Amino acid sequence: MKTKYLNILVLAGCVFTIASCQKNLIEKEPLQNLKEDIVFDTTDSIGYYTEQFLNNIYTYVPNGYNRIDNNYLDAGSDDAIASGLNTSIESFTRSMLTANNNPDDAFSKNYAGIRLANIMLANIDKINLISSNAANKGYWKAEARFLRTLFYFELVKRFGGVPLIGDRVFSFTDDLNLPRNSYDECVNYIVSECDAVMPLLRKDPIDNTNLGRATQGAAMALKARMLLYAASPLYNTQNDLTKWTKAADAAKAIMDISSGKFALEGTYANAFLSRTSREVIFAFQAANSNTVEYINSPVGYLANNTVSQGRTSPTQELVDAFEMANGKAITDATSGYNENNPYVNRDPRFYQTIFHNGMTWLGRGVETFDGGRDRPGGVSTQTRTGYYARKFMGSNTSGTTYASVTHNFPIFRYAEVLLNYAEAKNEASGPDATVYAAVQAIRQRAGLNPFALAAGLTQAQMRDVIRHERRVEMAFEEQRFWDIRRWKIAEQVMNRPLTGIRITKNTSTGVLSYARVPVITAVFTVPKMYLYPIPYSEMVKNNRLQQNPGW
Amino acid sequence: MRNIYLFYAILLLLFNLPATSYGQSVQFEGIVSDQSGQALEGVTITVDGTDFTTDRLGHFQLSTTLGAAVRFSLDGYQVKTVSASKENLKEIKLEQIAGKTVNLLYQKVSKSRLLQSVAEVGNEDLVKAPVNNVRNAIAGRLAGLKVNNGSGNPIFDGASLTLRGQTPGIMVDGVFRDYLSMAPEEIESITVLKDGLSTALLGQRGSNGVVSIKTRSGQPGRLQISLKAQTGVQKPLQIQRPLGAAQWATLFNEAMVNDGGSRVYSDADIQAYQNGTDPLGHPNVDWFNTILEPKSWYSRYNLYASGASKTAKYFTSVDLLSNDGLFKTDDKNPYNTNTNFNRVSIRSNIEASLTKTLSLNVGVYGRIQGGNEPGTSSDNIFNALYSTPNNAYPVFVRGDSLGTSSDYQSNIWGLSTRSGYTQRYNRDLSFDVALKKTLDAVLPGLWVRVAGTYNTSLSEVTNRNKTYASFQRLVNSSTSAVTYQQYSANGQLGNPSGISQSISRNVYLDVRAGYSKDWATDHSLDVLLIGNTQNVVSAYANLPAIYNVVGTQASYAYKNRYLAEVALSYSGFNGYAPGKRWGFFPSIGLGWVISDEPFMAGTKNWLSNLKLRTTYGRNGNINVGYFAYGQYYGGGNSYVIGSGATSVSGVTMGALANPDITWEKADKINVGMDLGLFHDKFTLSVDYYNNRFFDLAQVRGKNTGLLGTAYPNENIGRERYTGTEFELTYNGKSGDFNYFVSGNFTARRSKSLYFDEVNQPYSYMNRTGQQVGQAFGYIAQGLFSSDAEAAASPSTEGYVAKGGDIKYADLNGDGVINYLDVAPITPNKPILIYGVSFGFSWKGLDLSVLVEGNANRYANIGGNRTFAFTNNGKGQAWPIDLERWTPQTAATATFPRLSIANAAHNQATSSFWYRSASYVRLKNAEIGYTLPLKWSTKLKLSNVRFFVNGQNLLTATPLDYLDPEGLTNQYPLQRVMNMGVNVKF
C-alpha cells in the first residue's frame, strides 16, 4: 500500500522534473538590453534614446588632453617633448613611427564614429517627434552628418585619402576590400558635406542648453580648415592660388557673419576657461576638472597629497618663439631680452603657456634649476627641458589644491579663423590690409604693446609672421603638429637637436645661470613622416589599400 | 512494519547510529571469506528484505526459514546468492571482481569492461598532500592531466588544469560545480574522463573533458570514526635574492654610461651602501627579510564517521583547515594584516533504503571559507618586492615614520602593515537528493531514478583599506638642514557602505532509467536513459544559463570478450538563437578482450589481461558570450552639453551580433590497449588520441577597422590535438614487504589546422600549421661581440645597436628588425608530462613518493624578475644581471649589456628570453607508521597511524633562479613539511 504511494510520488517527481524543463518562468532572451526598436522607437515623441545615441557619437570628437602617454600631441612636434623617457610619443620626435606601431592611430576610432553616424542616419527617419520637438530631428541628423565629416577630416589629415563609405552600415560578412579615395575626392566630400549640413544646423550663438552641439559655425570652420590644409604646400604642390582663394573665402565667410556670434575673448586665458566663450566655435566638452593641472603641473607640487605629473616638457624653441611684451622678437637687439633673466617682460601669452623657473604656483616658485624640487634629478619623470606646460590651466598661484575648472578642448576657435584667413589671403593675393587687421587683432588681444606689425611686409615676411603667430597663439592645441607638416617645414625644424634650458643655482650666492642644452635629437624622415602610414593591421586585411609614400 | 524502517532511516539521518536487525525462525551462522581465505568484514547479507552484516572476523548470524534465498554482497566482489541451509551457509566464499572498478560519469564500471579512456586517483593518494585545493593533490597522478600551480597564495591556492590540451570541466557527483577546495577525506576518487565516449552524455559540455569527483558514501560494516590532525610548516620556494645596494648602484652607473650618460653614484656612495654607515642617506634594505616571515603554518583537522546498517549507509565528515601567510605584522595594529585562509567544511552523504525497492540518497555539503589579506593585495606587495631596489628608501626615516622617495612615493612596509586589511568570505551550500526505484517486478534489472541538486554560493569581500603617510628625507646641500617631504597621509580605515558581494546558484534536475540484463554467460546488456537540466545563475543582472541534455547509452558484451557501447545525446543551451539551440552528439566504442579468447588459454598463466579498445565521439563546447546572437544597444558614453556642464547619457550599439554563433565541436578518436601480466601484478595501458576541434569560436583575421566595430566570434577555427599516454603499475610482494611502482607519461602535440589569417606577407608569420598558442617573436642570434659588428647588422627600427645588444635575425632581409621579422620562437616539440610514484609497506611502516615533471616546456622569463632597472631605472637588479655583456666579458657574457633608456631593443619578445621551463619535482612524499593492532586495541582504537609528508620538496629545472611554474610576480609557491596522526575508533 505504502509502496504504491511512494511509486506515485516518484512518478510525480519525474513528471514534475520533466515539466520544469519545459516551462520557462523568465524571458527567453535578455530583455534588459535595448534593441533597435527601442533606440529608434517610432512611438517615442521625444526621441529619448535616439538623442542618447547621438550623444555617444559626440564622445568620438577628438580630445587633446592626455592624448598620448598623457602628453599633448604637440609633444611630438618641435614645441615640446615628453618628460618621460621612451614614451611612445617620441616615435614622432625621432621618426620611429612604424606602420605597426602608431600611438596616434586614429584609423579604427574614426571609422567607428562614422559607423555610428551612419546607423543614426539609417534609422532616424523612423522616429516621430511631436511638433514641439520636431525641429530636433533635423538638427540631430545634421549633427550626425557633421560629426561624420569631422571624423573624415581627422582621417584625411593623418593619412591623406581614405576609403569613403558613404551612408553604408556594413555587416561583418561584407567584403570590405575597399580602395582609398584620392585626397581631392576626400576634400571635396568633406567640403560638400559641410556646405550641405551648414544650413541644417543650429544657428550661432547657440542657446545655453545646447551648448557644445555642432552649429553652423562649426561646419563653416571645418570647411575653412580643410580648404586651408588642401591649399598648403604639402598637398598643393603646384601652388594653385585658387585653392588659397577658396580657403580665404571660407574663413572670410565666418568673419562676415561673426557679428553677434563670434569674437575674440578680451582675455586670452578665457578662451579656454570660459565655457560660454564667444571665441569657441566647437570644442570637445568636458565636465569641470583639475586633471589637466595634475597631469601637467611641475612634478614637485603636491595638491591634496597627490603628486603632479609634469608630463610634457616644452622646448627652448617654443620658449624663444614668444616675443617680448613690446612685440619684438628676442633676437631683436632692441627687444630688451636678457639672457640671464630671460623670463621677464615676455609676451603675456608666454605666462599662460609655459611654466618657467621662478613662476609662482601653489604659493611657491617653480624650481626647475638643477636639484630644485621640480627638477630633482634621479630617474623619476621630470622636465627634460627646464619647462612644463602651463596652457589651459586655471589660476592656481596660491592655495594648496587645484581648482576644478572648465577644460573643454578647443577644436575650432575664432582666433584660428582669423589666422586661417590671414594665411590664405596672404598666399592668395599678398598682405593686404585685411591680412594685417586679422593678425593684429590677435596680437592686440594677446596684450602686446605695441601690437601693430611693421608696415610694408613682403608676402614672405608676412608668411613668417603668421606662422609665428599661429605657433604662440595656438600652442598645444594640436595645430603646430599638423602645421609643420602641411607647410613642409618639418624636415627643417624637426631635423635638429631640440633644446632645453639648464639652470644652475650657485649654492652660496643663489645666483642662477642659464645654459641652452640639447635634450633630444629630433629626426624627421622625408617623405614618409609627412603622412601617417596606413596601419599594418589594415594593410594585411585589405588587399586594395595603397600604402603611403615611404612606408 | 515499514513505518519502523522509515523511522529508523530518519533516526539514522539524525544520529547516524547503526540499526540492529530483526528476525525469526531458524538460526544460521557462518563465515564469509574471499578466495584466499581472508575473512571479509562488512558483507551485506540480505534475506527476506532484511540486511545483516559480517563482523570483523567475517562471522555472521541470521535467522530465516529453510530454503530462503540469502544474498551476499560487498563492493568489489561478485554477488552470491544461496538457499538457506546449515550446510550452504557455513562457509561462503566471494569472488573478487576482476580488476578494479572505475567511476565513470554516471556509473561505476569494472575495468575489464572499460572502453573509455579515463584515469583515476583514489582517496588513499589524495590524503597525502597538505594542500588547500585538491587540484594540487592530483598533479602528476593522472595520465593526460597537467596541473600548473602558479601561486602559493593561501587564499587563491588554485591551479590550472589542462586535460589533453583543454581546460576540463569540474563535476562533483555527476553535476557541474567547482568545489575543489575540499577535504580529500571526503573524496572517494577523482576521475578524468578523456575521450569522446566518456563525455558523450554531456552533449555541448563534453569536449574539454571532465575532472569528475565522487564523494564518499558509507562503507559497509560497522561504524568507523576517524580523527586526523596534522600541522605543517611552509616555506616559499625559489625566492631569488636581489642584488645589494652597492652592486645595484655599480650596475646602474654602468647602465647610465652605456646610455651615454654619466655615473649617478660616486665611489663614496657605493662605499656607503657597502658599509651601511649611512642607513638613512644610503639605505640598503633587504626588503624580502623585512616584509616576510621565513615560514608560515598550515594545519588541518578532519573527523569523519562512516558506516552502514541494513537500511542505510552514511558518511559524515567535518574538516577544519587553516593556512597562514608570510607577511610580518605590526603589533600596533589592532587587526591582522597577514594573509591567511581558513576553511570549515561539512559533508554528509546518506543512502537509506525506504523499501525493498526504493532508496533515498541525501547529500549535504556546506563550506565556509575565507581569509584575510593586507589592504593592498598580497600580489601587489610581491610586485613591489620584485621591483624596488634595496637603496630605494629606508624603511623608516624618523621614529616610525616610513621612508620613501619621490620616485616611489610609497613604502613596502607601509603596503604590508599600514594599508588596512581585506577580508573575504565564501559560503557554499549544496543539497543533493536522489530517489531510486528498482522495478524488478515489472522487468528484472529495470530501475528509475530522479534526482536534484541545489547549489548556492555567496562571496563577500570587505575592503577596509587605508592610506598611509611616507616621507622623503631631504638634506639641503649647503646648510645640511634636514626636511621631510610627505607623500599621502595616514587615513582611517575605509568603511565601505556595501560589501562587495557575488552570489551564484544553480539547480540541477536529473531523471534516469536503466536496465541491465545478463543472458547466461553469453550476452550482457546495460542501458541508461538520462535527461537533465541545469540552470546556472552566476550574476543576478543576467538571465540564467540553461543547459539541457537528453541522452542514452547502451553497452553490450558478448561472452565478456566482445564489447560495444553507444552513447547518444541531444543537448541544448539557451544562449543561441531560437531554433539553433539543440545539437546531436553521437559516440561509439568497441573492445576486444583477447586474453579471454579460448585460443589464448595457454598464455593465461602469465598474460592475465590483453584488451584492445577504441572509441569515437562527437562532443561539443559552449564558448559564446552572453546571448551573443542578439543585437543589443546600450553601454554608451555620456557627453557634456550645456553651459552647466551637464552630463547627458549616451547609448551605443553593443557588440556586433553573430546570429549564427553556435557550439564548438570536437571529433575525438581514442585507441587504447590494456595489458596485464602475472595476475595483473604488472599492468600497462596505452592510449593514443586524435582530437579534431572545429567550429571554434574565433574572430576572423581580416577584421578591418573599416567595419567600424569589433568583429564578432564566428565558428571558424580548427585545431588538432594528438597524444599518447602510458600508465603502468607494478605491485610486488615479498613476505611482509609490499612495494609498488607506477608511472604515467604523456606526450602531447597540437596543431592549428585553420587560423583565419590576415594576408601574412611572409609564410613564417602564419599561425596556421603551428602548435596552438605558439609564441612569436624575433629570432635571437646571440649578442653582438662589438660595436662594429652591431653597426654592420640590422637592428630594431630607430635603434643604434652596440656591442652587447642582442642580435636578431633579419628574416625578410630588409635591413631592419621589425614586426615583419616575427616568427615562431619555441621549438615545435610535443610537451611531455609525467609522474612517477613508488613506495612500499613493511609491517607498520609505509612510504610513498611522487615525482612529477614536464619536458619540452618553454616560458618567457622576461620581466622585472630578470631585467635590471625596469620602469625607467626604478626597478630591481638580480644576480643574473651580473652576467651582462661588457667589452671585457664579451666572450662569456650571457646577458645583454645594461641599459635604462634604451632597453626596448633587448627586452623585445624574442627567442633569447624563451627558455626551457622543463622541470622534475619531488611533488609529494609520505612516511607513515601504523601501531601494531595489539597496541592500538589496548587503547580501544582500531588503528593509529603517524605520518610525515611534504609537498613540493625538491625541484630540478634549467631555470635556476625562477620557479618553473611560478614565473609571474605572484605569491611564491610553498614547500610544505607536514606531520600528523590519524586515529580510528
# chains A, B, ... in the order shown; residues from 1 in each chain; ligands from 1

$ closest_atom_pairs --of "stretch 320-394 of chain A" --to "stretch 79-100 of chain A" --cutoff "12 Å" --atoms "only C-alpha atoms" --output "Markdown table"
| residue | atom | partner | partner_atom | distance |
| --- | --- | --- | --- | --- |
| A:Asp320 | CA | A:Asp79 | CA | 10.3 |
| A:Ala321 | CA | A:Asp79 | CA | 9.5 |
| A:Phe322 | CA | A:Asp79 | CA | 11.6 |
| A:Thr353 | CA | A:Asp79 | CA | 11.2 |
| A:Ile354 | CA | A:Ala80 | CA | 10.6 |
| A:Asp374 | CA | A:Ser83 | CA | 11.9 |
| A:Arg375 | CA | A:Ser83 | CA | 10.9 |
| A:Val379 | CA | A:Leu85 | CA | 9.4 |
| A:Ser380 | CA | A:Gly84 | CA | 8.2 |
| A:Thr381 | CA | A:Gly84 | CA | 5.1 |
| A:Gln382 | CA | A:Ser83 | CA | 5.6 |
| A:Thr383 | CA | A:Ser83 | CA | 5.1 |
| A:Arg384 | CA | A:Ser83 | CA | 5.6 |
| A:Thr385 | CA | A:Ser83 | CA | 8.2 |
| A:Gly386 | CA | A:Ser83 | CA | 10.0 |
| A:Tyr387 | CA | A:Ala80 | CA | 9.3 |
| A:Tyr388 | CA | A:Ser83 | CA | 8.8 |
| A:Ala389 | CA | A:Ala80 | CA | 8.6 |

$ residues_around --residues "B:Arg464" --least-positions-apart "3" --cutoff "10 Å" --atoms "only C-alpha atoms" --output "list in words"
Pro374, Gly375, Thr376, Ser419, Gly420, Tyr421, Thr422, Gln423, Val461, Gln492, Leu493, Gly494, Asn495, Pro496 and Ile499 of chain B

$ write_last_selection --atoms "all heavy atoms" --output "short mmCIF file (atom, residue, chain, number, x, y, z; two decimals), in the first residue's frame"
data_model
loop_
_atom_site.label_atom_id
_atom_site.label_comp_id
_atom_site.auth_asym_id
_atom_site.auth_seq_id
_atom_site.Cartn_x
_atom_site.Cartn_y
_atom_site.Cartn_z
N PRO B 374 46.47 41.80 3.42
CA PRO B 374 46.74 43.22 3.65
C PRO B 374 45.81 44.05 2.75
O PRO B 374 45.34 43.56 1.72
CB PRO B 374 48.19 43.38 3.22
CG PRO B 374 48.78 42.02 3.25
CD PRO B 374 47.66 41.08 2.96
N GLY B 375 45.58 45.29 3.15
CA GLY B 375 44.63 46.13 2.42
C GLY B 375 44.93 46.21 0.94
O GLY B 375 44.04 46.14 0.11
N THR B 376 46.19 46.37 0.62
CA THR B 376 46.56 46.21 -0.78
C THR B 376 46.75 44.72 -0.96
O THR B 376 47.00 44.02 -0.01
CB THR B 376 47.83 47.01 -1.09
OG1 THR B 376 48.08 46.93 -2.47
CG2 THR B 376 49.02 46.47 -0.33
N SER B 419 48.22 49.44 5.23
CA SER B 419 47.22 49.69 4.18
C SER B 419 45.87 49.09 4.56
O SER B 419 45.01 48.92 3.73
CB SER B 419 47.71 49.11 2.85
OG SER B 419 47.76 47.71 2.91
N GLY B 420 45.71 48.77 5.86
CA GLY B 420 44.43 48.20 6.27
C GLY B 420 44.39 46.72 5.95
O GLY B 420 45.43 46.07 5.83
N TYR B 421 43.21 46.20 5.82
CA TYR B 421 43.10 44.77 5.52
C TYR B 421 41.85 44.52 4.68
O TYR B 421 40.96 45.37 4.59
CB TYR B 421 43.06 43.95 6.81
CG TYR B 421 41.88 44.23 7.72
CD1 TYR B 421 40.77 43.41 7.71
CD2 TYR B 421 41.89 45.34 8.56
CE1 TYR B 421 39.68 43.68 8.53
CE2 TYR B 421 40.81 45.61 9.38
CZ TYR B 421 39.71 44.78 9.37
OH TYR B 421 38.63 45.05 10.16
N THR B 422 41.83 43.37 4.07
CA THR B 422 40.70 42.96 3.25
C THR B 422 40.28 41.58 3.71
O THR B 422 41.12 40.70 3.86
CB THR B 422 41.10 42.89 1.77
OG1 THR B 422 41.54 44.17 1.36
CG2 THR B 422 39.93 42.48 0.90
N GLN B 423 39.01 41.43 3.97
CA GLN B 423 38.54 40.11 4.36
C GLN B 423 37.63 39.53 3.31
O GLN B 423 36.83 40.23 2.69
CB GLN B 423 37.79 40.21 5.69
CG GLN B 423 38.72 40.52 6.84
CD GLN B 423 38.37 39.78 8.09
OE1 GLN B 423 37.22 39.83 8.51
NE2 GLN B 423 39.32 39.09 8.68
N VAL B 461 33.48 40.41 -0.14
CA VAL B 461 34.80 41.00 0.04
C VAL B 461 34.62 42.29 0.82
O VAL B 461 33.86 43.16 0.39
CB VAL B 461 35.47 41.30 -1.32
CG1 VAL B 461 36.84 41.92 -1.09
CG2 VAL B 461 35.59 40.05 -2.15
N GLN B 492 41.96 56.93 7.92
CA GLN B 492 41.20 55.96 8.69
C GLN B 492 40.88 54.77 7.80
O GLN B 492 40.99 54.86 6.59
CB GLN B 492 39.92 56.59 9.25
CG GLN B 492 38.79 56.79 8.25
CD GLN B 492 38.96 58.01 7.37
OE1 GLN B 492 40.06 58.44 7.07
NE2 GLN B 492 37.86 58.57 6.91
N LEU B 493 40.49 53.69 8.42
CA LEU B 493 40.12 52.51 7.64
C LEU B 493 38.91 52.83 6.79
O LEU B 493 37.98 53.48 7.25
CB LEU B 493 39.78 51.34 8.56
CG LEU B 493 40.94 50.62 9.24
CD1 LEU B 493 40.41 49.47 10.05
CD2 LEU B 493 41.93 50.11 8.22
N GLY B 494 38.94 52.37 5.57
CA GLY B 494 37.79 52.55 4.71
C GLY B 494 36.61 51.77 5.29
O GLY B 494 36.79 50.70 5.85
N ASN B 495 35.45 52.34 5.18
CA ASN B 495 34.27 51.69 5.73
C ASN B 495 33.24 51.62 4.62
O ASN B 495 32.33 52.42 4.56
CB ASN B 495 33.75 52.51 6.92
CG ASN B 495 32.53 51.86 7.53
OD1 ASN B 495 32.28 50.68 7.31
ND2 ASN B 495 31.79 52.63 8.30
N PRO B 496 33.45 50.69 3.72
CA PRO B 496 32.57 50.66 2.55
C PRO B 496 31.12 50.44 2.97
O PRO B 496 30.84 49.58 3.80
CB PRO B 496 33.10 49.48 1.73
CG PRO B 496 33.88 48.67 2.69
CD PRO B 496 34.40 49.59 3.75
N ILE B 499 29.36 45.90 1.28
CA ILE B 499 30.41 44.96 0.94
C ILE B 499 30.18 44.49 -0.48
O ILE B 499 29.05 44.48 -0.98
CB ILE B 499 30.40 43.75 1.90
CG1 ILE B 499 28.97 43.22 2.03
CG2 ILE B 499 30.98 44.12 3.23
CD1 ILE B 499 28.90 41.93 2.73
#

$ closest_residue --among "A:Asn136, A:Gln440, A:Asn426, A:Asn210" --to "A:Leu453" --atoms "only C-alpha atoms"
A:Gln440

$ select_by_dssp --residues "stretch 351-516 of chain A" --states "alpha helix (DSSP H)" --output "CSV table (one decimal) with N, CA and C atoms, in the first residue's frame"
chain,number,residue,atom,x,y,z
A,351,TYR,N,53.3,83.4,-20.3
A,351,TYR,CA,53.0,83.0,-18.9
A,351,TYR,C,51.7,82.2,-18.8
A,352,GLN,N,50.9,82.2,-19.9
A,352,GLN,CA,49.8,81.3,-19.9
A,352,GLN,C,50.1,79.9,-20.5
A,353,THR,N,51.3,79.8,-21.1
A,353,THR,CA,51.6,78.7,-21.9
A,353,THR,C,52.7,77.8,-21.2
A,414,TYR,N,37.7,81.2,-32.8
A,414,TYR,CA,37.7,82.3,-33.7
A,414,TYR,C,39.1,82.8,-34.1
A,415,ALA,N,40.0,82.8,-33.1
A,415,ALA,CA,41.4,83.2,-33.4
A,415,ALA,C,42.0,82.4,-34.5
A,416,GLU,N,41.6,81.1,-34.6
A,416,GLU,CA,42.2,80.3,-35.7
A,416,GLU,C,41.6,80.8,-37.0
A,417,VAL,N,40.3,81.1,-37.0
A,417,VAL,CA,39.6,81.5,-38.2
A,417,VAL,C,40.4,82.8,-38.8
A,418,LEU,N,40.7,83.7,-37.9
A,418,LEU,CA,41.4,84.9,-38.3
A,418,LEU,C,42.7,84.5,-38.9
A,419,LEU,N,43.4,83.6,-38.2
A,419,LEU,CA,44.8,83.3,-38.7
A,419,LEU,C,44.7,82.4,-40.0
A,420,ASN,N,43.6,81.6,-40.1
A,420,ASN,CA,43.4,80.9,-41.3
A,420,ASN,C,43.2,81.9,-42.5
A,421,TYR,N,42.4,82.9,-42.2
A,421,TYR,CA,42.1,83.9,-43.2
A,421,TYR,C,43.4,84.6,-43.6
A,422,ALA,N,44.1,85.1,-42.6
A,422,ALA,CA,45.3,85.8,-42.9
A,422,ALA,C,46.3,85.0,-43.7
A,423,GLU,N,46.5,83.7,-43.4
A,423,GLU,CA,47.4,82.9,-44.1
A,423,GLU,C,47.0,82.7,-45.5
A,424,ALA,N,45.7,82.3,-45.7
A,424,ALA,CA,45.2,82.0,-47.0
A,424,ALA,C,45.2,83.3,-47.9
A,425,LYS,N,44.8,84.3,-47.3
A,425,LYS,CA,44.7,85.6,-48.1
A,425,LYS,C,46.1,86.1,-48.5
A,426,ASN,N,47.0,86.0,-47.6
A,426,ASN,CA,48.4,86.4,-47.9
A,426,ASN,C,49.0,85.5,-49.0
A,427,GLU,N,48.7,84.2,-49.0
A,427,GLU,CA,49.2,83.4,-50.0
A,427,GLU,C,48.5,83.6,-51.4
A,428,ALA,N,47.2,83.9,-51.3
A,428,ALA,CA,46.4,84.1,-52.5
A,428,ALA,C,46.8,85.4,-53.2
A,429,SER,N,46.8,86.5,-52.4
A,429,SER,CA,47.0,87.8,-53.0
A,429,SER,C,47.9,88.7,-52.2
A,433,ALA,N,45.4,94.9,-46.3
A,433,ALA,CA,45.1,95.5,-45.1
A,433,ALA,C,44.2,94.5,-44.2
A,434,THR,N,43.4,93.6,-44.9
A,434,THR,CA,42.6,92.7,-44.1
A,434,THR,C,43.5,91.6,-43.5
A,435,VAL,N,44.6,91.3,-44.1
A,435,VAL,CA,45.6,90.4,-43.5
A,435,VAL,C,46.2,91.0,-42.3
A,436,TYR,N,46.6,92.2,-42.4
A,436,TYR,CA,47.2,93.0,-41.3
A,436,TYR,C,46.2,93.0,-40.1
A,437,ALA,N,44.9,93.3,-40.5
A,437,ALA,CA,43.9,93.5,-39.5
A,437,ALA,C,43.7,92.2,-38.7
A,438,ALA,N,43.6,91.1,-39.4
A,438,ALA,CA,43.4,89.8,-38.8
A,438,ALA,C,44.5,89.5,-37.8
A,439,VAL,N,45.8,89.6,-38.2
A,439,VAL,CA,46.9,89.3,-37.4
A,439,VAL,C,47.0,90.2,-36.2
A,440,GLN,N,46.8,91.5,-36.5
A,440,GLN,CA,46.9,92.5,-35.4
A,440,GLN,C,45.8,92.3,-34.3
A,441,ALA,N,44.6,91.9,-34.8
A,441,ALA,CA,43.6,91.6,-33.8
A,441,ALA,C,44.0,90.6,-32.8
A,442,ILE,N,44.7,89.5,-33.3
A,442,ILE,CA,45.2,88.5,-32.4
A,442,ILE,C,46.3,89.1,-31.4
A,443,ARG,N,47.2,89.9,-32.0
A,443,ARG,CA,48.3,90.4,-31.2
A,443,ARG,C,47.8,91.5,-30.2
A,444,GLN,N,46.8,92.2,-30.6
A,444,GLN,CA,46.2,93.2,-29.6
A,444,GLN,C,45.6,92.5,-28.4
A,445,ARG,N,44.8,91.4,-28.7
A,445,ARG,CA,44.1,90.7,-27.7
A,445,ARG,C,45.2,90.1,-26.7
A,446,ALA,N,46.3,89.6,-27.3
A,446,ALA,CA,47.3,89.0,-26.5
A,446,ALA,C,47.9,89.9,-25.5
A,459,GLN,N,55.2,89.5,-48.9
A,459,GLN,CA,54.4,88.3,-48.7
A,459,GLN,C,55.1,87.2,-47.9
A,460,ALA,N,56.4,87.1,-48.2
A,460,ALA,CA,57.2,86.1,-47.4
A,460,ALA,C,57.4,86.5,-46.0
A,461,GLN,N,57.6,87.8,-45.7
A,461,GLN,CA,57.7,88.2,-44.3
A,461,GLN,C,56.4,88.0,-43.6
A,462,MET,N,55.3,88.4,-44.3
A,462,MET,CA,54.0,88.2,-43.6
A,462,MET,C,53.8,86.7,-43.3
A,463,ARG,N,54.2,85.9,-44.3
A,463,ARG,CA,54.1,84.4,-44.1
A,463,ARG,C,54.7,84.0,-42.7
A,464,ASP,N,56.0,84.5,-42.6
A,464,ASP,CA,56.7,84.2,-41.3
A,464,ASP,C,56.0,84.7,-40.1
A,465,VAL,N,55.4,85.9,-40.2
A,465,VAL,CA,54.7,86.5,-39.1
A,465,VAL,C,53.5,85.6,-38.7
A,466,ILE,N,52.8,85.2,-39.7
A,466,ILE,CA,51.5,84.5,-39.5
A,466,ILE,C,51.9,83.1,-38.9
A,467,ARG,N,52.9,82.5,-39.4
A,467,ARG,CA,53.3,81.2,-38.9
A,467,ARG,C,53.8,81.3,-37.5
A,468,HIS,N,54.5,82.4,-37.2
A,468,HIS,CA,54.9,82.6,-35.8
A,468,HIS,C,53.7,82.8,-34.9
A,469,GLU,N,52.8,83.6,-35.4
A,469,GLU,CA,51.6,83.9,-34.6
A,469,GLU,C,50.8,82.7,-34.3
A,470,ARG,N,50.6,81.8,-35.3
A,470,ARG,CA,49.9,80.6,-35.1
A,470,ARG,C,50.6,79.7,-34.0
A,471,ARG,N,51.9,79.7,-34.1
A,471,ARG,CA,52.7,78.9,-33.1
A,471,ARG,C,52.4,79.3,-31.7
A,472,VAL,N,52.6,80.6,-31.4
A,472,VAL,CA,52.4,81.0,-30.0
A,472,VAL,C,51.0,81.1,-29.6
A,473,GLU,N,50.1,81.5,-30.5
A,473,GLU,CA,48.7,81.7,-30.1
A,473,GLU,C,48.1,80.3,-29.8
A,480,ARG,N,50.3,73.0,-34.3
A,480,ARG,CA,51.7,73.0,-34.7
A,480,ARG,C,52.1,71.7,-35.4
A,481,PHE,N,51.6,70.6,-34.7
A,481,PHE,CA,52.0,69.3,-35.2
A,481,PHE,C,51.6,69.1,-36.6
A,482,TRP,N,50.4,69.6,-37.0
A,482,TRP,CA,50.0,69.4,-38.4
A,482,TRP,C,50.5,70.6,-39.3
A,483,ASP,N,50.7,71.8,-38.7
A,483,ASP,CA,51.1,72.9,-39.5
A,483,ASP,C,52.5,72.7,-40.1
A,484,ILE,N,53.4,72.1,-39.2
A,484,ILE,CA,54.8,71.9,-39.8
A,484,ILE,C,54.8,70.9,-40.9
A,485,ARG,N,53.8,70.0,-40.9
A,485,ARG,CA,53.7,69.1,-42.0
A,485,ARG,C,53.1,69.7,-43.2
A,486,ARG,N,52.0,70.4,-43.1
A,486,ARG,CA,51.4,70.9,-44.3
A,486,ARG,C,52.2,72.1,-44.9
A,490,ALA,N,58.7,70.7,-41.5
A,490,ALA,CA,59.1,69.7,-40.5
A,490,ALA,C,60.5,69.2,-40.8
A,491,GLU,N,60.8,69.0,-42.1
A,491,GLU,CA,62.1,68.4,-42.4
A,491,GLU,C,63.2,69.4,-42.0
A,492,GLN,N,62.9,70.7,-41.8
A,492,GLN,CA,63.9,71.6,-41.2
A,492,GLN,C,63.8,71.7,-39.7
A,493,VAL,N,62.6,72.0,-39.2
A,493,VAL,CA,62.5,72.3,-37.8
A,493,VAL,C,62.6,71.0,-36.9

$ closest_residue --among "A:Ala218, A:Val344, A:Leu54, A:Ala135" --to "chain B" --atoms "only C-alpha atoms"
A:Leu54

$ closest_residue --among "A:Pro450, A:Gly377, A:Gly336, A:Pro342" --to "chain B" --atoms "only C-alpha atoms"
A:Gly377

$ residues_around --residues "B:Asp518" --least-positions-apart "3" --cutoff "10 Å" --atoms "only C-alpha atoms" --output "PyMOL selection string"
chain B and resi 445+521-526+556-558

$ closest_residue --among "B:Val210, B:Leu402, B:Val640, B:Ala183" --to "B:Arg343" --atoms "only C-alpha atoms"
B:Ala183

$ residues_around --residues "B:Gln116" --least-positions-apart "2" --cutoff "12 Å" --atoms "only C-alpha atoms" --output "ChimeraX atom specification"
/B:102-105,109-114,118-119,191-200,209,555,563-567,587-591,612-617,668-674,685,687-689

$ residues_around --residues "A:Ser289" --least-positions-apart "2" --cutoff "6 Å" --atoms "only C-alpha atoms" --output "list in words"
Thr291, Ser404 and Val405 of chain A

$ write_last_selection --atoms "N, CA, C and O atoms" --output "tab-separated table (two decimals), in the first residue's frame"
chain	number	residue	atom	x	y	z
A	291	THR	N	42.13	67.63	-13.78
A	291	THR	CA	43.01	66.60	-14.33
A	291	THR	C	44.16	67.21	-15.10
A	291	THR	O	45.31	66.77	-15.00
A	404	SER	N	38.89	73.14	-9.64
A	404	SER	CA	38.26	72.40	-10.73
A	404	SER	C	37.67	73.43	-11.70
A	404	SER	O	36.83	74.23	-11.31
A	405	VAL	N	38.14	73.42	-12.92
A	405	VAL	CA	37.70	74.44	-13.88
A	405	VAL	C	37.31	73.80	-15.20
A	405	VAL	O	37.49	72.60	-15.41

$ residues_around --residues "B:Phe693" --least-positions-apart "4" --cutoff "7 Å" --atoms "only C-alpha atoms" --output "list in words"
Lys665, Ala666, Asp667, Arg718, Glu719 and Arg720 of chain B
